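Colleague: One file is attached below, entry13.cif, containing mmCIF, C-alpha atoms and all ligand atoms.
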```
data_run
loop_
_atom_site.group_PDB
_atom_site.id
_atom_site.type_symbol
_atom_site.label_atom_id
_atom_site.label_comp_id
_atom_site.auth_asym_id
_atom_site.auth_seq_id
_atom_site.Cartn_x
_atom_site.Cartn_y
_atom_site.Cartn_z
ATOM 1 C CA MET A 1 82.784 112.871 32.845
ATOM 2 C CA GLU A 2 79.496 111.139 31.947
ATOM 3 C CA ALA A 3 78.710 107.745 33.461
ATOM 4 C CA SER A 4 78.119 104.946 30.978
ATOM 5 C CA TYR A 5 74.548 103.796 30.290
ATOM 6 C CA GLU A 6 75.279 100.462 31.941
ATOM 7 C CA ALA A 7 76.855 101.997 35.046
ATOM 8 C CA PHE A 8 74.013 104.493 35.456
ATOM 9 C CA PHE A 9 70.970 102.405 34.564
ATOM 10 C CA LEU A 10 72.008 98.845 35.114
ATOM 11 C CA PRO A 11 73.764 98.453 38.480
ATOM 12 C CA ASP A 12 74.894 94.896 39.027
ATOM 13 C CA ILE A 13 72.048 94.012 41.371
ATOM 14 C CA ASN A 14 72.355 90.325 40.597
ATOM 15 C CA ASN A 15 75.486 90.250 42.756
ATOM 16 C CA VAL A 16 73.695 91.445 45.858
ATOM 17 C CA MET A 17 70.275 89.833 45.721
ATOM 18 C CA ASP A 18 68.426 86.887 44.249
ATOM 19 C CA VAL A 19 66.387 88.250 41.317
ATOM 20 C CA ASN A 20 63.799 86.218 39.454
ATOM 21 C CA ILE A 21 61.084 86.862 36.912
ATOM 22 C CA ILE A 22 57.933 84.844 37.505
ATOM 23 C CA ASN A 23 55.703 84.258 34.464
ATOM 24 C CA LEU A 24 52.004 84.255 35.282
ATOM 25 C CA PHE A 25 48.841 83.024 33.622
ATOM 26 C CA GLU A 26 49.535 80.482 30.933
ATOM 27 C CA PHE A 27 46.474 79.668 28.866
ATOM 28 C CA PRO A 28 45.482 76.262 27.378
ATOM 29 C CA ILE A 29 44.243 75.635 23.863
ATOM 30 C CA TYR A 30 43.089 72.189 22.718
ATOM 31 C CA HIS A 31 45.024 70.082 20.207
ATOM 32 C CA VAL A 32 43.978 66.761 18.644
ATOM 33 C CA ARG A 33 46.367 64.878 16.372
ATOM 34 C CA ASN A 34 44.988 62.938 13.387
ATOM 35 C CA PHE A 35 41.372 64.006 13.883
ATOM 36 C CA ALA A 36 38.664 62.047 11.977
ATOM 37 C CA PRO A 37 41.198 60.133 9.813
ATOM 38 C CA GLU A 38 38.473 58.064 8.154
ATOM 39 C CA HIS A 39 36.879 61.238 6.698
ATOM 40 C CA ARG A 40 39.862 63.489 6.022
ATOM 41 C CA GLU A 41 40.742 62.394 2.485
ATOM 42 C CA THR A 42 37.126 62.392 1.290
ATOM 43 C CA CYS A 43 36.589 65.845 2.760
ATOM 44 C CA ALA A 44 39.784 67.108 1.076
ATOM 45 C CA SER A 45 38.661 65.745 -2.257
ATOM 46 C CA ASN A 46 35.078 67.073 -1.991
ATOM 47 C CA ILE A 47 36.274 70.532 -0.954
ATOM 48 C CA THR A 48 38.884 70.606 -3.746
ATOM 49 C CA ASN A 49 36.133 69.776 -6.255
ATOM 50 C CA GLN A 50 33.903 72.541 -4.916
ATOM 51 C CA TYR A 51 36.820 74.992 -5.088
ATOM 52 C CA LYS A 52 37.478 74.002 -8.717
ATOM 53 C CA GLU A 53 33.780 74.357 -9.601
ATOM 54 C CA ARG A 54 33.916 77.887 -8.205
ATOM 55 C CA ALA A 55 36.530 78.960 -10.810
ATOM 56 C CA TYR A 56 33.756 80.938 -12.567
ATOM 57 C CA TYR A 57 33.678 83.325 -9.569
ATOM 58 C CA ILE A 58 36.568 85.245 -11.111
ATOM 59 C CA ASP A 59 34.942 85.676 -14.546
ATOM 60 C CA ASN A 60 33.197 88.927 -13.635
ATOM 61 C CA ASN A 61 35.191 89.738 -10.498
ATOM 62 C CA PRO A 62 38.846 88.775 -11.029
ATOM 63 C CA ILE A 63 40.016 90.187 -7.673
ATOM 64 C CA LYS A 64 37.063 90.005 -5.276
ATOM 65 C CA GLY A 65 35.921 86.745 -6.863
ATOM 66 C CA GLU A 66 39.212 85.136 -5.853
ATOM 67 C CA TYR A 67 38.583 86.065 -2.208
ATOM 68 C CA TRP A 68 34.975 84.831 -2.288
ATOM 69 C CA ARG A 69 35.944 81.612 -4.010
ATOM 70 C CA ARG A 70 38.394 80.496 -1.343
ATOM 71 C CA ILE A 71 35.896 80.602 1.577
ATOM 72 C CA SER A 72 32.740 78.493 1.301
ATOM 73 C CA LEU A 73 30.568 81.124 3.011
ATOM 74 C CA TYR A 74 30.407 83.309 -0.099
ATOM 75 C CA ASP A 75 28.532 82.953 -3.347
ATOM 76 C CA ASP A 76 29.842 84.317 -6.652
ATOM 77 C CA LYS A 77 28.494 87.794 -5.833
ATOM 78 C CA GLY A 78 30.027 87.879 -2.355
ATOM 79 C CA VAL A 79 26.740 87.273 -0.516
ATOM 80 C CA HIS A 80 27.368 85.570 2.833
ATOM 81 C CA ALA A 81 25.607 82.231 3.451
ATOM 82 C CA HIS A 82 24.306 83.325 6.839
ATOM 83 C CA THR A 83 22.507 86.330 5.362
ATOM 84 C CA LYS A 84 20.628 83.791 3.239
ATOM 85 C CA GLY A 85 19.989 81.522 6.239
ATOM 86 C CA LEU A 86 22.211 78.760 4.846
ATOM 87 C CA ASP A 87 24.815 76.543 6.498
ATOM 88 C CA GLY A 88 28.271 77.682 5.379
ATOM 89 C CA ILE A 89 29.174 74.110 4.370
ATOM 90 C CA GLN A 90 27.071 72.468 1.687
ATOM 91 C CA GLY A 91 27.446 69.207 -0.222
ATOM 92 C CA ILE A 92 30.020 67.561 2.088
ATOM 93 C CA PRO A 93 28.319 64.318 3.222
ATOM 94 C CA GLU A 94 30.826 63.682 6.042
ATOM 95 C CA TRP A 95 30.242 67.102 7.573
ATOM 96 C CA SER A 96 27.389 66.087 9.907
ATOM 97 C CA ILE A 97 29.480 63.243 11.376
ATOM 98 C CA VAL A 98 32.625 65.341 11.705
ATOM 99 C CA LYS A 99 30.661 68.177 13.342
ATOM 100 C CA LYS A 100 29.467 65.826 16.096
ATOM 101 C CA GLN A 101 33.047 64.701 16.751
ATOM 102 C CA ILE A 102 34.246 68.327 16.968
ATOM 103 C CA LYS A 103 31.472 69.049 19.498
ATOM 104 C CA ASP A 104 32.537 66.047 21.603
ATOM 105 C CA HIS A 105 36.106 67.378 21.716
ATOM 106 C CA ALA A 106 34.830 70.890 22.486
ATOM 107 C CA ILE A 107 32.883 69.532 25.466
ATOM 108 C CA ASP A 108 36.046 67.745 26.634
ATOM 109 C CA TYR A 109 37.937 71.063 26.315
ATOM 110 C CA LEU A 110 35.163 72.855 28.206
ATOM 111 C CA HIS A 111 35.667 70.435 31.110
ATOM 112 C CA SER A 112 39.304 71.608 31.370
ATOM 113 C CA PHE A 113 38.036 75.104 32.268
ATOM 114 C CA THR A 114 35.112 74.368 34.526
ATOM 115 C CA ASP A 115 33.722 71.912 37.025
ATOM 116 C CA LEU A 116 30.315 72.196 35.349
ATOM 117 C CA LYS A 117 28.247 69.120 36.124
ATOM 118 C CA ASN A 118 24.957 70.276 34.643
ATOM 119 C CA THR A 119 24.055 67.235 32.602
ATOM 120 C CA VAL A 120 21.038 68.950 31.020
ATOM 121 C CA LEU A 121 23.262 71.713 29.668
ATOM 122 C CA LEU A 122 25.959 69.269 28.541
ATOM 123 C CA LYS A 123 23.408 67.035 26.808
ATOM 124 C CA SER A 124 21.938 70.064 25.079
ATOM 125 C CA LEU A 125 25.376 71.141 23.847
ATOM 126 C CA LYS A 126 26.159 67.648 22.603
ATOM 127 C CA GLU A 127 22.956 67.573 20.573
ATOM 128 C CA ASP A 128 22.165 71.192 19.738
ATOM 129 C CA TRP A 129 25.341 73.280 20.066
ATOM 130 C CA THR A 130 24.927 75.924 17.390
ATOM 131 C CA ASP A 131 27.778 76.056 14.897
ATOM 132 C CA TYR A 132 28.888 78.542 12.245
ATOM 133 C CA SER A 133 31.264 76.763 9.929
ATOM 134 C CA TRP A 134 33.022 77.021 6.600
ATOM 135 C CA TRP A 135 35.907 75.582 4.601
ATOM 136 C CA SER A 136 38.857 77.624 3.283
ATOM 137 C CA CYS A 137 41.270 76.907 0.429
ATOM 138 C CA TYR A 138 44.447 79.006 0.465
ATOM 139 C CA ALA A 139 47.234 79.328 -2.082
ATOM 140 C CA GLU A 140 50.686 80.754 -1.338
ATOM 141 C CA ASN A 141 49.680 84.420 -1.620
ATOM 142 C CA ASP A 142 46.595 84.076 0.563
ATOM 143 C CA ASP A 143 46.427 85.084 4.184
ATOM 144 C CA TYR A 144 43.884 86.176 6.761
ATOM 145 C CA PRO A 145 44.685 89.149 8.995
ATOM 146 C CA TRP A 146 44.327 89.343 12.787
ATOM 147 C CA HIS A 147 40.760 88.828 13.945
ATOM 148 C CA HIS A 148 38.711 87.017 16.574
ATOM 149 C CA HIS A 149 35.297 85.384 16.856
ATOM 150 C CA ALA A 150 34.394 86.837 20.246
ATOM 151 C CA ASN A 151 30.681 86.451 19.542
ATOM 152 C CA MET A 152 31.306 82.677 19.594
ATOM 153 C CA PHE A 153 32.187 80.471 22.562
ATOM 154 C CA PHE A 154 34.823 78.300 20.864
ATOM 155 C CA THR A 155 36.543 78.472 17.497
ATOM 156 C CA SER A 156 38.039 75.338 15.992
ATOM 157 C CA CYS A 157 40.129 74.605 12.931
ATOM 158 C CA TRP A 158 40.691 71.208 11.298
ATOM 159 C CA PHE A 159 43.744 71.076 9.021
ATOM 160 C CA ILE A 160 42.372 68.844 6.295
ATOM 161 C CA GLN A 161 45.204 69.276 3.800
ATOM 162 C CA HIS A 162 48.380 70.678 5.247
ATOM 163 C CA ASP A 163 52.062 70.300 4.456
ATOM 164 C CA GLU A 164 55.409 71.829 5.429
ATOM 165 C CA LYS A 165 55.127 74.721 2.974
ATOM 166 C CA HIS A 166 51.712 75.851 4.156
ATOM 167 C CA ALA A 167 51.195 78.932 6.291
ATOM 168 C CA PRO A 168 50.800 78.155 10.011
ATOM 169 C CA LEU A 169 48.376 79.761 12.451
ATOM 170 C CA SER A 170 49.453 82.582 14.761
ATOM 171 C CA PHE A 171 47.820 83.495 18.048
ATOM 172 C CA ARG A 172 48.095 86.832 19.858
ATOM 173 C CA SER A 173 47.914 87.315 23.602
ATOM 174 C CA PRO A 174 44.845 89.215 24.817
ATOM 175 C CA LEU A 175 47.307 91.252 26.900
ATOM 176 C CA HIS A 176 48.965 92.510 23.707
ATOM 177 C CA SER A 177 47.151 95.867 23.442
ATOM 178 C CA LEU A 178 47.291 96.472 27.165
ATOM 179 C CA ILE A 179 51.044 95.856 27.383
ATOM 180 C CA ASN A 180 51.901 97.876 24.286
ATOM 181 C CA GLY A 181 49.788 100.788 25.485
ATOM 182 C CA TRP A 182 51.486 100.668 28.866
ATOM 183 C CA LEU A 183 55.167 100.315 27.951
ATOM 184 C CA PRO A 184 57.452 102.940 26.439
ATOM 185 C CA GLY A 185 59.321 101.642 23.398
ATOM 186 C CA ASP A 186 58.553 98.342 21.718
ATOM 187 C CA SER A 187 57.590 95.493 24.009
ATOM 188 C CA LYS A 188 60.078 92.626 24.241
ATOM 189 C CA LEU A 189 57.444 90.396 25.821
ATOM 190 C CA LYS A 190 56.312 87.439 23.796
ATOM 191 C CA ASN A 191 52.839 88.340 22.606
ATOM 192 C CA GLU A 192 52.483 86.041 19.616
ATOM 193 C CA VAL A 193 52.757 82.287 19.323
ATOM 194 C CA VAL A 194 52.953 80.497 15.975
ATOM 195 C CA ILE A 195 51.517 77.000 15.796
ATOM 196 C CA LYS A 196 52.792 74.936 12.868
ATOM 197 C CA PRO A 197 50.060 72.330 12.459
ATOM 198 C CA GLU A 198 50.378 68.911 10.957
ATOM 199 C CA GLN A 199 47.848 67.517 8.528
ATOM 200 C CA GLY A 200 44.882 66.108 10.442
ATOM 201 C CA ASP A 201 45.322 68.379 13.474
ATOM 202 C CA LEU A 202 42.251 69.866 15.131
ATOM 203 C CA LEU A 203 42.741 72.973 17.282
ATOM 204 C CA ILE A 204 40.064 74.484 19.522
ATOM 205 C CA TRP A 205 40.388 77.837 21.324
ATOM 206 C CA PRO A 206 38.131 80.475 22.918
ATOM 207 C CA GLY A 207 36.355 82.687 20.385
ATOM 208 C CA TRP A 208 37.915 85.826 21.869
ATOM 209 C CA LEU A 209 41.512 84.739 21.151
ATOM 210 C CA GLU A 210 42.970 86.693 18.224
ATOM 211 C CA HIS A 211 44.562 84.709 15.418
ATOM 212 C CA GLU A 212 45.815 85.130 11.859
ATOM 213 C CA VAL A 213 47.032 83.123 8.904
ATOM 214 C CA PRO A 214 50.274 85.016 8.242
ATOM 215 C CA GLY A 215 51.018 86.025 4.682
ATOM 216 C CA PRO A 216 53.814 87.772 2.773
ATOM 217 C CA ASP A 217 53.341 90.917 4.883
ATOM 218 C CA ALA A 218 54.455 88.972 7.953
ATOM 219 C CA TYR A 219 57.741 88.155 6.212
ATOM 220 C CA ILE A 220 58.279 91.652 4.847
ATOM 221 C CA PHE A 221 57.454 93.663 7.952
ATOM 222 C CA TYR A 222 58.217 91.404 10.880
ATOM 223 C CA ASN A 223 60.808 88.822 9.928
ATOM 224 C CA LYS A 224 63.733 90.885 11.160
ATOM 225 C CA MET A 225 62.130 92.553 14.167
ATOM 226 C CA GLU A 226 63.058 91.333 17.621
ATOM 227 C CA GLN A 227 59.541 91.724 18.961
ATOM 228 C CA GLY A 228 58.217 89.896 15.936
ATOM 229 C CA ALA A 229 60.440 86.895 16.552
ATOM 230 C CA ASN A 230 57.425 84.664 16.729
ATOM 231 C CA LYS A 231 56.187 85.841 13.363
ATOM 232 C CA TRP A 232 56.549 83.359 10.591
ATOM 233 C CA GLN A 233 56.312 83.191 6.834
ATOM 234 C CA TYR A 234 58.403 81.748 4.066
ATOM 235 C CA ASP A 235 60.035 84.191 1.696
ATOM 236 C CA PRO A 236 57.246 85.220 -0.738
ATOM 237 C CA ASP A 237 59.825 85.382 -3.561
ATOM 238 C CA THR A 238 60.413 81.658 -3.404
ATOM 239 C CA ILE A 239 57.457 79.897 -1.787
ATOM 240 C CA LYS A 240 55.074 78.034 -4.092
ATOM 241 C CA TYR A 241 52.472 75.618 -2.729
ATOM 242 C CA ASP A 242 52.395 72.101 -4.205
ATOM 243 C CA GLN A 243 48.760 71.736 -3.122
ATOM 244 C CA LEU A 244 46.040 73.912 -1.622
ATOM 245 C CA ARG A 245 46.047 74.582 2.112
ATOM 246 C CA ILE A 246 42.591 73.308 3.111
ATOM 247 C CA THR A 247 41.047 73.972 6.509
ATOM 248 C CA LEU A 248 37.607 73.676 8.034
ATOM 249 C CA THR A 249 36.617 76.249 10.650
ATOM 250 C CA CYS A 250 33.833 75.369 13.073
ATOM 251 C CA ASN A 251 32.702 78.109 15.448
ATOM 252 C CA LEU A 252 30.538 76.975 18.338
ATOM 253 C CA GLY A 253 27.970 79.453 19.659
ATOM 254 C CA LYS A 254 27.587 80.992 23.111
ATOM 255 C CA LEU A 255 26.273 78.306 25.406
ATOM 256 C CA HIS A 256 22.873 79.781 26.193
ATOM 257 C CA ASP A 257 22.221 80.505 22.506
ATOM 258 C CA SER A 258 22.414 76.762 21.942
ATOM 259 C CA LEU A 259 19.758 75.777 24.430
ATOM 260 C CA THR A 260 16.301 74.855 23.313
ATOM 261 C CA THR A 261 13.381 76.541 25.090
ATOM 262 C CA HIS A 262 12.650 73.253 26.794
ATOM 263 C CA THR A 263 16.227 73.027 28.087
ATOM 264 C CA ARG A 264 16.260 76.655 29.225
ATOM 265 C CA GLU A 265 13.205 75.948 31.329
ATOM 266 C CA ALA A 266 14.776 72.801 32.757
ATOM 267 C CA ILE A 267 17.952 74.429 34.139
HETATM 268 FE FE FE B 1 39.249 82.940 12.444
#
```
Would it be possible to restate this file's structure as structure tokens?

Modeller:
Amino acid sequence: MEASYEAFFLPDINNVMDVNIINLFEFPIYHVRNFAPEHRETCASNITNQYKERAYYIDNNPIKGEYWRRISLYDDKGVHAHTKGLDGIQGIPEWSIVKKQIKDHAIDYLHSFTDLKNTVLLKSLKEDWTDYSWWSCYAENDDYPWHHHANMFFTSCWFIQHDEKHAPLSFRSPLHSLINGWLPGDSKLKNEVVIKPEQGDLLIWPGWLEHEVPGPDAYIFYNKMEQGANKWQYDPDTIKYDQLRITLTCNLGKLHDSLTTHTREAI
């Protein structure tokens, strides 16, 4: 007679010894509530106006034009601002002030990782930290698949216009590929965390940390899967945004790329 699966594979070891699982290596990301409240509404309104002005993007390119229109980096032909040597955010007067405030928070976050006391470096970052930034306007069918900005030091996202119906932001553990390549079967370990931001939130994380704005695919493919329990998306049959989901992404460059020649010589 065959032994049951439980009897063969799962002896009741808990009765004979003290068994614990110890979770290692939590990782901090930075979260500011109600960031730059004095500039948020003006930024939302200026970005909404720019998005509306870009409606002509879809005249000649109904599909690709819609993608280009929703991210400020692209012109109506899909040419990236950085290939033209332009800042990805144009015509937002508050941007220079807000950028400084983001850098101040990023330096605060940096201090949580390191005991760095190099005032020359810190002063240089405060004044000259290179940024690559853009705004995004998403409707209910928009998403952005898993990606990272590993060529940057920090990535940050300010949720300028955000409500309950809007897609959240998901993060994926850097151990994800390693664990899934190592284990037989599907991993039951938590490898994704969904953050549901509130309007005004500013998040900052290392550029190498993978993230996505989940879309209808997340609902369709992952909603019912145990290992996708952290996935999130409203049912695409019923969700309709009342207003655009507006975010501003500010990537901050690798530290030594942001140093002036004078500063490099000084440290
Ligand atoms: Fe991103």

Colleague: Quick one, how far is CA of Phe154 in chain A from CA of Ser170 in chain A?

Modeller: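 Computed distance, CA of Phe154 in chain A to CA of Ser170 in chain A, equals 16.4 Å.
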
Colleague: Would you list the residues that come within 7 Å of ligand FE 1 (chain B)? Count all atoms listed in the file and give the answer as an mmCIF file with C-alpha atoms, keeping the file's coordinate frame.

Modeller:
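Once written, pocket-v1.cif looks like this:
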```cif
data_model
loop_
_atom_site.group_PDB
_atom_site.id
_atom_site.type_symbol
_atom_site.label_atom_id
_atom_site.label_comp_id
_atom_site.auth_asym_id
_atom_site.auth_seq_id
_atom_site.Cartn_x
_atom_site.Cartn_y
_atom_site.Cartn_z
ATOM 1 C CA HIS A 147 40.760 88.828 13.945
ATOM 2 C CA HIS A 148 38.711 87.017 16.574
ATOM 3 C CA HIS A 149 35.297 85.384 16.856
ATOM 4 C CA HIS A 211 44.562 84.709 15.418
ATOM 5 C CA GLU A 212 45.815 85.130 11.859
#
```

Colleague: I need every residue sitting at most 12 Å from the point (31.8, 88.2, 18.2) (coordinates as in the file, only C-alpha atoms considered), written as a VMD selection string.

Modeller: chain A and resid 132 147 to 155 206 to 210 251 to 254

Colleague: Tell me, counting all atoms listed in the file, for each residue of range 139-212 of chain A within 9 Å of range 96-120 of chain A, which pair of atoms is nearest and how far apart they are in Å to one decimal, in rows ordered by chain and increasing number, as CSV.

Modeller:
```
residue,atom,partner,partner_atom,distance
A:Phe154,CA,A:Ala106,CA,7.6
A:Ser156,CA,A:Ile102,CA,8.0
A:Leu202,CA,A:Ile102,CA,8.4
A:Ile204,CA,A:Ala106,CA,7.0
A:Trp205,CA,A:Tyr109,CA,8.8
```

Colleague: Identify which of the residues A:Ile92, A:Lys77, A:His176, A:Pro236 lies closest to Lys188 in chain A, counting only C-alpha atoms when measuring atom-to-atom distances.

Modeller: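 When distances to Lys188 in chain A are compared using only C-alpha atoms, the smallest one comes from A:His176.
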
Colleague: Work out how far CA of Trp146 in chain A is from CA of Asn46 in chain A, in Å to one decimal.

Modeller: 28.3 Å

Colleague: Separation of CA of Thr238 in chain A and CA of Glu140 in chain A, in Å?

Modeller: 10.0 Å

Colleague: Of the residues A:Ala81, A:Ile29, A:Cys43, A:Leu73, which is the one nearest to Phe171 in chain A, using all atoms listed in the file?

Modeller: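 Using all atoms listed in the file, Phe171 in chain A sits closest to A:Ile29.
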
Colleague: Between A:Gly65, A:Gly181, A:Pro37, A:Gly78, which residue has the minimum interatomic distance to Ile160 in chain A, considering all atoms listed in the file?

Modeller: A:Pro37

Colleague: Taking (52.1, 71.1, 6.7) in the file's coordinates, which residues come within 12 Å, counting all atoms listed in the file, written as a compact mmCIF listing (two decimals) with C-alpha atoms, in the coordinates of the input?

Modeller:
```
# COMPACT_ATOMS: atom_id res chain seq x y z
CA PHE A 159 43.74 71.08 9.02
CA ILE A 160 42.37 68.84 6.30
CA GLN A 161 45.20 69.28 3.80
CA HIS A 162 48.38 70.68 5.25
CA ASP A 163 52.06 70.30 4.46
CA GLU A 164 55.41 71.83 5.43
CA LYS A 165 55.13 74.72 2.97
CA HIS A 166 51.71 75.85 4.16
CA ALA A 167 51.20 78.93 6.29
CA PRO A 168 50.80 78.16 10.01
CA LEU A 169 48.38 79.76 12.45
CA ILE A 195 51.52 77.00 15.80
CA LYS A 196 52.79 74.94 12.87
CA PRO A 197 50.06 72.33 12.46
CA GLU A 198 50.38 68.91 10.96
CA GLN A 199 47.85 67.52 8.53
CA GLY A 200 44.88 66.11 10.44
CA ASP A 201 45.32 68.38 13.47
CA TYR A 241 52.47 75.62 -2.73
CA ASP A 242 52.40 72.10 -4.20
CA GLN A 243 48.76 71.74 -3.12
CA LEU A 244 46.04 73.91 -1.62
CA ARG A 245 46.05 74.58 2.11
CA ILE A 246 42.59 73.31 3.11
CA THR A 247 41.05 73.97 6.51
```

Colleague: Find the spatial neighbours of range 24-26 of chain A, counting all atoms listed in the file, within a cut-off of 12 Å - ignore same-chain residues fewer than 4 positions away - and output them as a count of residues only.

Modeller: 4

Colleague: Counting only C-alpha atoms, figure out which residue out of A:Asp18, A:Trp158, A:Arg70, A:Cys250 gets nearest to Ser133 in chain A.

Modeller: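 For Ser133 in chain A, the nearest of the given residues is A:Cys250.
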
Colleague: Just so the selection is clear, what residues does the PyMOL selection byres (((chain A and resi 66) around 10) and not hetatm) cover here, as a PyMOL selection string?

Modeller: chain A and resi 54-59+61-65+67-71+76+142

Colleague: Edge lengths and centre in Å to one decimal, as lines of an AutoDock Vina configuration file, is what I'm after for the box along x, y and z that holds all listed atoms of range 161-176 of chain A once 5 Å is added on each side.

Modeller:
```
center_x = 50.1
center_y = 80.9
center_z = 14.9
size_x = 20.6
size_y = 33.2
size_z = 33.9
```
